[in-house]
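Containing mmCIF, C-alpha atoms: start.cif.
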data_data
#
loop_
_atom_site.label_atom_id
_atom_site.label_comp_id
_atom_site.auth_asym_id
_atom_site.auth_seq_id
_atom_site.Cartn_x
_atom_site.Cartn_y
_atom_site.Cartn_z
CA MET J 1 0.00 0.00 0.00
CA SER J 2 2.76 2.45 0.86
CA ARG J 3 4.23 2.25 -2.64
CA ARG J 4 0.87 3.00 -4.30
CA VAL J 5 0.25 5.96 -2.03
CA SER J 6 3.65 7.43 -2.94
CA TRP J 7 2.89 7.01 -6.65
CA ARG J 8 -0.41 8.85 -6.22
CA ALA J 9 1.32 11.65 -4.37
CA ALA J 10 3.91 11.95 -7.16
CA ALA J 11 1.15 11.99 -9.78
CA ALA J 12 -0.69 14.72 -7.89
CA ALA J 13 2.49 16.80 -7.71
CA GLY J 14 3.07 16.34 -11.43
CA LEU J 15 -0.51 17.40 -12.19
CA GLY J 16 -0.08 20.51 -10.05
CA THR J 17 3.04 21.46 -11.99
CA LEU J 18 1.26 20.90 -15.30
CA LEU J 19 -1.72 23.07 -14.36
CA ALA J 20 0.55 25.81 -12.99
CA GLY J 21 2.10 26.12 -16.45
CA PHE J 22 -1.31 26.76 -18.05
CA PRO J 23 -3.09 29.33 -15.85
CA LEU J 24 -5.31 30.78 -18.57
CA LEU J 25 -8.67 29.38 -19.56
CA ALA J 26 -10.03 29.52 -23.09
CA ALA J 27 -11.62 32.83 -24.00
CA GLY J 28 -15.15 33.27 -25.34
CA ALA J 29 -18.34 31.26 -25.20
CA ILE J 30 -17.39 27.83 -26.53
CA GLY J 31 -18.17 24.16 -26.12
CA THR J 32 -16.07 21.07 -25.59
CA GLY J 33 -16.02 18.18 -28.05
CA GLY J 34 -16.38 14.43 -27.80
CA ALA J 35 -18.72 12.31 -25.73
CA GLU J 36 -18.33 14.66 -22.72
CA ALA J 37 -19.46 17.78 -24.59
CA PHE J 38 -21.03 20.79 -22.91
CA GLY J 39 -21.49 24.45 -23.74
CA LEU J 40 -21.92 27.80 -21.96
CA ASN J 41 -23.44 30.86 -23.63
CA PRO J 42 -25.35 34.05 -22.80
CA ALA J 43 -29.11 33.72 -23.14
CA PRO J 44 -30.50 35.38 -26.31
CA LEU J 45 -31.54 39.01 -25.99
CA ARG J 46 -35.22 40.02 -26.04
CA ASP J 47 -35.07 40.75 -29.78
CA GLY J 48 -33.61 37.28 -30.44
CA ARG J 49 -30.04 38.40 -31.05
CA THR J 50 -27.25 36.26 -29.59
CA GLN J 51 -23.99 37.32 -27.97
CA SER J 52 -20.69 35.53 -27.58
CA TYR J 53 -20.14 37.17 -24.18
CA PHE J 54 -22.04 39.28 -21.65
CA SER J 55 -21.80 43.05 -22.02
CA LEU J 56 -23.36 44.69 -18.97
CA ALA J 57 -23.48 48.33 -17.88
CA THR J 58 -24.22 49.50 -14.35
CA ALA J 59 -23.43 52.09 -11.73
CA THR J 60 -21.75 51.40 -8.40
CA GLY J 61 -24.18 49.97 -5.87
CA GLN J 62 -26.79 49.12 -8.51
CA PRO J 63 -27.16 45.37 -9.27
CA VAL J 64 -27.74 44.08 -12.78
CA THR J 65 -28.95 40.56 -13.65
CA ALA J 66 -28.30 38.29 -16.62
CA THR J 67 -28.84 34.66 -17.64
CA ALA J 68 -26.36 32.07 -18.89
CA ILE J 69 -27.40 28.87 -20.67
CA VAL J 70 -25.53 25.66 -19.80
CA SER J 71 -26.01 22.88 -22.39
CA ASN J 72 -25.17 19.18 -22.37
CA LEU J 73 -24.17 18.49 -25.98
CA GLY J 74 -22.86 15.01 -25.27
CA ARG J 75 -24.29 11.51 -25.26
CA LYS J 76 -24.47 10.90 -21.51
CA THR J 77 -25.64 12.61 -18.34
CA GLU J 78 -23.03 15.00 -16.97
CA LYS J 79 -22.50 16.62 -13.59
CA LEU J 80 -21.02 20.08 -14.10
CA LYS J 81 -19.45 22.60 -11.75
CA LEU J 82 -19.77 26.35 -12.34
CA SER J 83 -17.34 28.86 -10.88
CA ARG J 84 -16.19 32.48 -11.24
CA SER J 85 -13.12 33.46 -13.25
CA LEU J 86 -11.08 36.62 -13.63
CA GLY J 87 -10.43 38.23 -17.01
CA VAL J 88 -6.78 39.01 -17.79
CA THR J 89 -4.67 40.28 -20.69
CA ALA J 90 -2.51 37.63 -22.34
CA ALA J 91 1.22 38.30 -22.61
CA ASN J 92 1.01 39.12 -26.34
CA GLY J 93 -2.42 40.78 -26.17
CA GLY J 94 -5.86 39.26 -26.27
CA ILE J 95 -8.16 38.05 -23.52
CA GLY J 96 -7.80 35.06 -21.22
CA TYR J 97 -9.36 33.91 -17.98
CA THR J 98 -7.72 32.62 -14.84
CA ALA J 99 -9.23 30.84 -11.90
CA PRO J 100 -8.64 32.88 -8.70
CA SER J 101 -6.40 31.22 -6.10
CA GLY J 102 -9.04 31.93 -3.43
CA PRO J 103 -12.84 32.10 -3.54
CA CYS J 104 -12.71 35.09 -5.94
CA SER J 105 -10.54 37.98 -7.06
CA GLY J 106 -11.28 41.46 -8.42
CA PRO J 107 -14.37 41.74 -10.64
CA SER J 108 -15.06 38.01 -10.33
CA CYS J 109 -16.21 38.77 -6.75
CA TRP J 110 -19.06 40.85 -8.19
CA LEU J 111 -20.80 37.77 -9.65
CA ALA J 112 -23.44 36.29 -7.32
CA GLY J 113 -25.43 33.12 -7.96
CA VAL J 114 -22.83 31.55 -10.26
CA THR J 115 -21.06 29.01 -8.08
CA ARG J 116 -23.06 25.77 -8.13
CA THR J 117 -23.15 22.16 -9.31
CA LEU J 118 -25.82 20.84 -11.69
CA THR J 119 -26.65 17.60 -13.48
CA LEU J 120 -27.81 17.65 -17.10
CA ALA J 121 -29.22 14.83 -19.21
CA PRO J 122 -28.00 14.51 -22.82
CA GLY J 123 -29.39 17.22 -25.11
CA THR J 124 -30.78 19.37 -22.28
CA LYS J 125 -30.15 22.96 -21.21
CA GLU J 126 -30.49 24.87 -17.96
CA PRO J 127 -30.66 28.65 -17.47
CA ILE J 128 -28.44 30.12 -14.75
CA ARG J 129 -29.56 33.52 -13.57
CA PHE J 130 -26.87 35.56 -11.84
CA THR J 131 -26.42 39.06 -10.46
CA VAL J 132 -23.53 41.52 -10.80
CA ARG J 133 -23.07 43.88 -7.84
CA VAL J 134 -20.37 46.54 -8.20
CA PRO J 135 -19.06 47.78 -4.83
CA ALA J 136 -19.51 51.43 -3.97
CA GLY J 137 -16.48 53.55 -4.78
CA THR J 138 -15.37 51.41 -7.74
CA PRO J 139 -13.63 53.65 -10.33
CA HIS J 140 -15.48 54.19 -13.60
CA ARG J 141 -14.02 51.98 -16.33
CA GLN J 142 -14.53 48.61 -18.03
CA TYR J 143 -13.86 45.35 -16.16
CA LEU J 144 -13.84 41.69 -17.17
CA ALA J 145 -14.87 38.60 -15.25
CA GLY J 146 -15.98 35.17 -16.47
CA ILE J 147 -18.15 32.15 -15.73
CA THR J 148 -16.43 28.78 -16.11
CA ALA J 149 -18.04 25.35 -16.48
CA GLU J 150 -16.18 22.07 -16.08
CA LEU J 151 -16.87 18.44 -15.22
CA ALA J 152 -17.52 18.12 -11.49
CA GLY J 153 -15.76 14.76 -11.18
CA LYS J 154 -12.02 14.34 -10.94
CA PRO J 155 -10.65 13.77 -14.47
CA LYS J 156 -9.03 10.42 -15.16
CA PRO J 157 -5.64 10.00 -16.85
CA ARG J 158 -5.87 9.29 -20.57
CA LYS J 159 -3.37 7.53 -22.77
CA ILE J 160 -1.87 10.00 -25.24
CA GLY J 161 0.90 7.91 -26.77
CA ARG J 162 3.06 4.82 -26.58
CA HIS J 163 6.69 4.04 -27.40
CA GLY J 164 7.51 0.35 -27.17
CA GLN J 165 6.27 -0.85 -23.80
CA THR J 166 6.15 2.65 -22.30
CA ALA J 167 2.83 4.50 -22.37
CA ALA J 168 2.34 8.22 -21.80
CA ARG J 169 -0.74 9.46 -19.96
CA ALA J 170 -2.10 12.93 -19.21
CA VAL J 171 -4.94 14.42 -17.22
CA ILE J 172 -7.08 16.56 -19.55
CA VAL J 173 -9.30 19.14 -17.85
CA GLN J 174 -12.28 20.18 -19.99
CA GLN J 175 -13.43 23.74 -19.34
CA VAL J 176 -15.48 26.40 -21.11
CA THR J 177 -15.61 30.06 -20.09
CA VAL J 178 -17.93 32.88 -21.13
CA GLY J 179 -16.82 36.45 -20.54
CA VAL J 180 -18.75 38.95 -18.42
CA ALA J 181 -17.72 42.49 -19.42
CA VAL J 182 -18.93 45.14 -16.97
CA THR J 183 -18.91 48.85 -17.79
CA VAL J 184 -19.06 50.98 -14.66
CA GLY J 185 -20.28 54.46 -15.58
CA LYS J 186 -21.30 55.80 -18.99
CA LEU J 187 -19.24 54.29 -21.79
CA SER J 188 -19.35 57.55 -23.78
CA GLN J 189 -17.57 59.30 -20.90
CA LEU J 190 -14.79 56.76 -20.49
CA ARG J 191 -11.33 57.55 -21.85
CA ASP J 192 -9.54 55.50 -24.54
CA ARG J 193 -5.78 55.70 -24.23
CA LEU J 194 -2.86 53.52 -25.33
CA ALA J 195 0.83 54.20 -24.69
CA ILE J 196 4.01 52.62 -26.09
CA PRO J 197 6.59 52.46 -23.26
CA GLY J 198 9.31 51.05 -25.52
CA VAL J 199 10.41 48.79 -28.36
CA SER J 200 13.11 46.12 -28.17
CA GLY J 201 14.76 43.79 -30.66
CA GLN J 202 14.92 40.00 -30.61
CA ALA J 203 16.20 37.20 -32.82
CA ILE J 204 13.91 34.19 -33.25
CA GLY J 205 16.16 31.77 -35.06
CA THR J 206 17.16 33.76 -38.15
CA MET J 207 14.10 36.02 -37.96
CA PRO J 208 14.66 39.57 -36.58
CA ARG J 209 11.71 40.70 -34.46
CA LEU J 210 10.51 43.97 -32.95
CA ASN J 211 8.76 43.63 -29.59
CA VAL J 212 6.41 46.58 -29.07
CA ALA J 213 5.37 47.14 -25.45
CA LEU J 214 1.80 48.45 -25.42
CA ARG J 215 -0.01 49.62 -22.28
CA ASP J 216 -3.68 50.50 -21.81
CA THR J 217 -3.60 53.63 -19.63
CA GLY J 218 -7.25 54.46 -20.27
CA GLN J 219 -10.59 53.22 -18.96
CA THR J 220 -11.78 50.98 -21.82
CA PHE J 221 -10.79 47.74 -23.52
CA SER J 222 -8.44 48.82 -26.30
CA GLY J 223 -6.64 47.47 -29.33
CA GLY J 224 -5.63 48.79 -32.71
CA THR J 225 -3.56 48.52 -35.85
CA GLY J 226 -0.61 50.44 -37.15
CA GLN J 227 2.88 50.34 -38.55
CA ALA J 228 6.48 50.02 -37.41
CA SER J 229 9.10 51.64 -39.66
CA CYS J 230 12.88 51.32 -39.39
CA THR J 231 15.66 52.83 -41.50
CA ALA J 232 18.65 50.65 -42.42
CA ALA J 233 21.38 51.42 -45.00
CA GLY J 234 19.43 54.46 -46.19
CA ARG J 235 16.31 52.42 -46.89
CA ARG J 236 13.00 52.51 -45.01
CA HIS J 237 11.46 49.19 -43.96
CA SER J 238 7.82 49.09 -42.84
CA PHE J 239 5.95 46.33 -41.01
CA ARG J 240 2.29 45.99 -40.09
CA VAL J 241 1.38 46.00 -36.39
CA VAL J 242 -1.86 44.38 -35.20
CA THR J 243 -2.85 44.34 -31.54
CA ASN J 244 -5.50 42.30 -29.76
CA THR J 245 -7.54 43.55 -26.83
CA ILE J 246 -5.73 44.95 -23.79
CA LEU J 247 -7.61 45.53 -20.52
CA PRO J 248 -7.35 48.88 -18.69
CA GLY J 249 -4.20 49.05 -16.59
CA ASP J 250 -2.61 46.05 -18.32
CA GLN J 251 0.33 45.78 -20.73
CA ALA J 252 1.11 43.40 -23.59
CA GLN J 253 4.13 42.79 -25.81
CA ILE J 254 3.24 42.82 -29.49
CA ALA J 255 5.58 40.76 -31.68
CA VAL J 256 6.35 42.19 -35.14
CA ASN J 257 8.48 40.11 -37.49
CA ALA J 258 11.00 42.22 -39.42
CA PRO J 259 12.56 39.89 -42.03
CA SER J 260 14.17 42.66 -44.10
CA LEU J 261 16.26 43.99 -41.19
CA GLN J 262 19.74 42.68 -40.41
CA GLU J 263 20.65 40.96 -37.17
CA GLY J 264 23.44 42.49 -35.13
CA THR J 265 22.56 46.07 -36.06
CA THR J 266 21.08 49.10 -34.29
CA VAL J 267 18.53 51.03 -36.31
CA PRO J 268 16.21 54.02 -35.77
CA CYS J 269 12.55 52.99 -35.66
CA ALA J 270 9.17 54.65 -35.27
CA VAL J 271 5.88 52.98 -34.31
CA ARG J 272 2.36 54.31 -34.78
CA ILE J 273 -0.76 52.46 -33.59
CA HIS J 274 -4.24 53.80 -34.38
CA TYR J 275 -7.05 53.07 -31.95
CA GLY J 276 -10.29 54.43 -30.46
CA GLN J 277 -11.85 57.47 -32.11
CA GLY J 278 -9.06 58.53 -34.46
CA GLN J 279 -6.37 58.39 -31.77
CA THR J 280 -2.74 57.39 -32.32
CA ALA J 281 -0.05 56.09 -29.97
CA ARG J 282 3.50 56.96 -31.10
CA TRP J 283 7.05 55.95 -30.22
CA SER J 284 10.45 56.54 -31.83
CA GLY J 285 13.98 55.59 -30.89
CA MET J 286 16.91 53.27 -31.55
CA VAL J 287 16.38 49.50 -31.54
CA THR J 288 19.19 46.95 -31.31
CA LEU J 289 18.59 43.69 -33.16
CA PRO J 290 20.77 40.97 -31.58
CA ARG J 291 22.34 38.18 -33.55
CA ALA J 292 20.77 34.74 -33.27
CA ALA J 293 22.67 32.57 -30.83
CA ALA J 294 24.73 30.05 -32.77
CA ALA J 295 24.08 26.46 -31.74
CA ARG J 296 25.63 23.06 -32.26
CA ILE J 297 24.16 19.57 -32.06
CA VAL J 298 25.76 17.16 -29.58
CA HIS J 299 25.23 13.40 -29.66
CA THR J 300 24.40 12.47 -26.05
CA GLY J 301 23.33 8.83 -26.36
CA PRO J 302 21.89 6.16 -28.62
CA GLY J 303 19.45 8.01 -30.83
CA ALA J 304 19.62 11.10 -28.57
CA TYR J 305 20.85 14.55 -29.58
CA SER J 306 20.93 17.93 -27.80
CA VAL J 307 21.12 21.47 -29.21
CA ILE J 308 23.80 23.44 -27.36
CA PRO J 309 24.26 27.24 -27.76
CA ARG J 310 27.77 28.31 -28.78
CA ASN J 311 29.89 30.87 -26.92
CA THR J 312 28.17 30.34 -23.59
CA GLY J 313 31.42 30.50 -21.61
CA ILE J 314 30.80 26.96 -20.30
CA PRO J 315 33.42 24.33 -21.24
CA GLY J 316 32.29 21.80 -23.80
CA TRP J 317 32.92 18.87 -21.45
CA ALA J 318 30.62 20.47 -18.85
CA ILE J 319 27.85 21.01 -21.40
CA ALA J 320 28.15 17.41 -22.56
CA LEU J 321 28.02 16.21 -18.95
CA ILE J 322 24.86 18.24 -18.30
CA ALA J 323 23.23 16.88 -21.45
CA VAL J 324 24.15 13.29 -20.57
CA GLY J 325 22.81 13.87 -17.06
CA GLY J 326 19.50 15.03 -18.54
CA VAL J 327 19.28 11.90 -20.66
CA ALA J 328 20.07 9.80 -17.59
CA ILE J 329 17.31 11.46 -15.59
CA ALA J 330 14.86 10.84 -18.43
CA GLY J 331 15.94 7.19 -18.53
CA VAL J 332 15.40 6.82 -14.79
CA ALA J 333 11.92 8.38 -15.16
CA VAL J 334 11.02 5.88 -17.88
CA LEU J 335 12.33 3.04 -15.71
CA LEU J 336 10.26 4.18 -12.74
CA ILE J 337 7.14 4.37 -14.91
CA ARG J 338 7.73 0.86 -16.18
CA MET J 339 8.27 -0.39 -12.62
CA TYR J 340 5.03 1.28 -11.59
CA TRP J 341 2.99 -0.43 -14.33
CA LEU J 342 4.70 -3.77 -13.68
CA GLY J 343 3.87 -3.38 -9.99
CA ARG J 344 0.21 -2.74 -10.81
CA ALA J 345 0.13 -5.70 -13.19
CA GLY J 346 1.54 -7.89 -10.41
#
Could you express the structure from this file as structure tokens?
Amino acid sequence: MSRRVSWRAAAAAGLGTLLAGFPLLAAGAIGTGGAEAFGLNPAPLRDGRTQSYFSLATATGQPVTATAIVSNLGRKTEKLKLSRSLGVTAANGGIGYTAPSGPCSGPSCWLAGVTRTLTLAPGTKEPIRFTVRVPAGTPHRQYLAGITAELAGKPKPRKIGRHGQTAARAVIVQQVTVGVAVTVGKLSQLRDRLAIPGVSGQAIGTMPRLNVALRDTGQTFSGGTGQASCTAAGRRHSFRVVTNTILPGDQAQIAVNAPSLQEGTTVPCAVRIHYGQGQTARWSGMVTLPRAAAARIVHTGPGAYSVIPRNTGIPGWAIALIAVGGVAIAGVAVLLIRMYWLGRAG
């Protein structure tokens, strides 16, 4: 028994590490696929129009209600758990949702009547009426929360591949999230404002890239399009810039590939991004484009190779030793997995 308990503890730790690496939930009102399929959408408006997310307007201290529709699109009865999520800006722009570490966080705390568990037969739907209460003193601007649905039961490991006698398994968590955008105050009186704190250069393989830092310093969800222009060897090079949504107070890094620029050079650049009602965010300055790190391939074992950066300052024998150690650790992990399955078979 003690050996099985330790394996379960190790599996739980591994699952925690996996989930920590993927904190964002899928954006938008969507549905899962397969036999365990379910969906989550806003209820149609009075005129029959549908929305992909909730767009609610209210004043502080005044509650507003809305209805979400949870659907079982699968072929068997499902028990689903609903919870509140917090809207966030993804690193490169765009919207994501994260589950708060506690009961709620930020605007997700404004949602009442969401957290519950329900059971749905195949092909059925259930309306979920909820209330948004904005605390008094909340600054006027736009906020984003979310409602997330997932299977209530603990997901079971699924086989995702096999190599010889070794099988790989993963725990797949099925979730759908619908956004709840809340405008506090009159939208027409809220300020749109984007700022470009800076631009840096990067080499992705042999591709030069401009990284445009873009911050929403206004009160509304913002995004836009524009152009980055750099001058090299007396010639102007222009590249299109497209940004996804950025939430008020957040910042994103917009990647712009610049294939016609040369690595290892410093060039003057200017960026313009148009947004809102004819507004433009501007930046100009010098950008250094680093050279791509040269790499070499080292044979570290039977059928195993590692890519090692050159000019790292680390002796070659030390790099090889590290690579071989990594292969050894992987081999031990495979051996432990095989011992585990042999133990279960016995």
May I ask which of the residues J:Ser200, J:Gln253, J:Ser260, J:Asn211 is the closest one to Gly285 (chain J), counting all atoms listed in the file?
->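 The answer is J:Ser200, which sits nearest to Gly285 (chain J).
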If you take only C-alpha atoms and a cut-off of 10 Å, which residues of region 33-111 of chain J touch region 214-223 of chain J, and what are their nearest atom pairs and distances in Å to one decimal, in chain and number order, as JSON lines?
{"residue": "J:Asn92", "atom": "CA", "partner": "J:Leu214", "partner_atom": "CA", "distance": 9.4}
{"residue": "J:Gly93", "atom": "CA", "partner": "J:Gly223", "partner_atom": "CA", "distance": 8.5}
{"residue": "J:Gly94", "atom": "CA", "partner": "J:Gly223", "partner_atom": "CA", "distance": 8.8}
Just write the chosen residues, C-alpha atoms, as a PDB file, in the coordinates of the input.
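File selection-v9.pdb, as written:
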ATOM      1  CA  ASN J  92       1.010  39.120 -26.340  1.00  0.00           C
ATOM      2  CA  GLY J  93      -2.420  40.780 -26.170  1.00  0.00           C
ATOM      3  CA  GLY J  94      -5.860  39.260 -26.270  1.00  0.00           C
TER       4      GLY J  94
END
Computed interatomic separation between CA of Thr243 (chain J) and CA of Trp283 (chain J) (Å) |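 Taking CA of Thr243 (chain J) as the start and CA of Trp283 (chain J) as the end point, the length is 15.3 Å.
Distance annotation: of J:Val241, J:Leu82, J:Asn257, J:Ala112, the residue with the minimal separation from Gln227 (chain J) is J:Val241; atom set is only C-alpha atoms.
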Shell around region 203-207 of chain J at 12 Å using all atoms listed in the file, local window under 5 positions removed, as a short mmCIF file (atom, residue, chain, number, x, y, z; two decimals) with C-alpha atoms, in the frame of the given file:
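What follows is the written file selection.cif:
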data_model
loop_
_atom_site.label_atom_id
_atom_site.label_comp_id
_atom_site.auth_asym_id
_atom_site.auth_seq_id
_atom_site.Cartn_x
_atom_site.Cartn_y
_atom_site.Cartn_z
CA ALA J 255 5.58 40.76 -31.68
CA VAL J 256 6.35 42.19 -35.14
CA ASN J 257 8.48 40.11 -37.49
CA ALA J 258 11.00 42.22 -39.42
CA PRO J 259 12.56 39.89 -42.03
CA SER J 260 14.17 42.66 -44.10
CA LEU J 261 16.26 43.99 -41.19
CA GLN J 262 19.74 42.68 -40.41
CA GLU J 263 20.65 40.96 -37.17
CA GLY J 264 23.44 42.49 -35.13
CA THR J 265 22.56 46.07 -36.06
CA THR J 288 19.19 46.95 -31.31
CA LEU J 289 18.59 43.69 -33.16
CA PRO J 290 20.77 40.97 -31.58
CA ARG J 291 22.34 38.18 -33.55
CA ALA J 292 20.77 34.74 -33.27
CA ALA J 293 22.67 32.57 -30.83
CA ALA J 294 24.73 30.05 -32.77
CA ALA J 295 24.08 26.46 -31.74
CA PRO J 309 24.26 27.24 -27.76
#
Which value, in Å to one decimal, gives the distance between CA of Val267 (chain J) and CA of Pro197 (chain J)?
->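 Here the two named atoms are 17.7 Å from each other.
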Do you have, as a tab-separated table, the list of residues of region 92-135 of chain J lying at most 8 Å from region 146-158 of chain J, each with its nearest atom pair and that distance in Å to one decimal, counting all atoms listed in the file and ordered by chain then number?
residue	atom	partner	partner_atom	distance
J:Tyr97	CA	J:Gly146	CA	6.9
J:Ser108	CA	J:Gly146	CA	6.8
J:Val114	CA	J:Ile147	CA	7.2
J:Thr117	CA	J:Ala152	CA	7.3
How would the residues just chosen look if you wrote them out with C-alpha atoms as an mmCIF file, in the frame of the given file?
data_model
loop_
_atom_site.group_PDB
_atom_site.id
_atom_site.type_symbol
_atom_site.label_atom_id
_atom_site.label_comp_id
_atom_site.auth_asym_id
_atom_site.auth_seq_id
_atom_site.Cartn_x
_atom_site.Cartn_y
_atom_site.Cartn_z
ATOM 1 C CA TYR J 97 -9.360 33.910 -17.980
ATOM 2 C CA SER J 108 -15.060 38.010 -10.330
ATOM 3 C CA VAL J 114 -22.830 31.550 -10.260
ATOM 4 C CA THR J 117 -23.150 22.160 -9.310
#
Target residues per the PyMOL selection byres ((chain J and resi 89) around 10), formatted as an mmCIF file with C-alpha atoms, in the frame of the given file:
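Final output, result-v1.cif:
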data_model
loop_
_atom_site.group_PDB
_atom_site.id
_atom_site.type_symbol
_atom_site.label_atom_id
_atom_site.label_comp_id
_atom_site.auth_asym_id
_atom_site.auth_seq_id
_atom_site.Cartn_x
_atom_site.Cartn_y
_atom_site.Cartn_z
ATOM 1 C CA LEU J 24 -5.310 30.780 -18.570
ATOM 2 C CA GLY J 87 -10.430 38.230 -17.010
ATOM 3 C CA VAL J 88 -6.780 39.010 -17.790
ATOM 4 C CA ALA J 90 -2.510 37.630 -22.340
ATOM 5 C CA ALA J 91 1.220 38.300 -22.610
ATOM 6 C CA ASN J 92 1.010 39.120 -26.340
ATOM 7 C CA GLY J 93 -2.420 40.780 -26.170
ATOM 8 C CA GLY J 94 -5.860 39.260 -26.270
ATOM 9 C CA ILE J 95 -8.160 38.050 -23.520
ATOM 10 C CA GLY J 96 -7.800 35.060 -21.220
ATOM 11 C CA TYR J 97 -9.360 33.910 -17.980
ATOM 12 C CA LEU J 144 -13.840 41.690 -17.170
ATOM 13 C CA ASN J 244 -5.500 42.300 -29.760
ATOM 14 C CA THR J 245 -7.540 43.550 -26.830
ATOM 15 C CA ILE J 246 -5.730 44.950 -23.790
ATOM 16 C CA LEU J 247 -7.610 45.530 -20.520
ATOM 17 C CA PRO J 248 -7.350 48.880 -18.690
ATOM 18 C CA GLY J 249 -4.200 49.050 -16.590
ATOM 19 C CA ASP J 250 -2.610 46.050 -18.320
ATOM 20 C CA GLN J 251 0.330 45.780 -20.730
ATOM 21 C CA ALA J 252 1.110 43.400 -23.590
#
Can you work out the spacing between CA of Gln174 (chain J) and CA of Ala43 (chain J) in Å, to one decimal?
->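 Going from CA of Gln174 (chain J) over to CA of Ala43 (chain J) covers 21.8 Å.
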For each of J:Ala37, J:Ala195, J:Ile254, J:Ala228, take the minimum atom-to-atom distance to Ala281 (chain J), counting all atoms listed in the file, then give the residue where this is smallest.
-> J:Ala195
Have a look at J:Ser55, J:Ser85, J:Gln142, J:Gln175 and name the one nearest to Asp192 (chain J); count only C-alpha atoms.
->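 Using only C-alpha atoms, the shortest distance to Asp192 (chain J) belongs to J:Gln142.
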Run the PyMOL selection byres ((chain J and resi 275) around 10) against the file shown and list the residues it catches, as a ChimeraX atom specification.
-> /J:192-194,222-226,243,272-274,276-281
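Shortest atom-to-atom contact with Leu86 (chain J) among J:Thr67, J:Gln62, J:Thr166, J:Thr98: J:Thr98, counting all atoms listed in the file.
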Given the file shown, determine the residues that the PyMOL selection byres ((chain J and resi 71) around 8) selects; report them as a list in words.
-> Phe38, Gly39, Leu40, Ile69, Val70, Asn72, Leu73, Leu120, Gly123, Thr124, Lys125 and Glu126 of chain J
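For Leu187 (chain J), the list of residues within 10 Å, based on only C-alpha atoms and with local chain neighbours fewer than 2 positions off taken out, reads Ala57, His140, Arg141, Gln142, Thr183, Val184, Gly185, Gln189, Leu190, Arg191, Gln219 and Thr220 of chain J.
Counting all atoms listed in the file and comparing J:Val271, J:Ala99, J:Val178, J:Ala136, the residue that lies closest to Thr60 (chain J) is J:Ala136.
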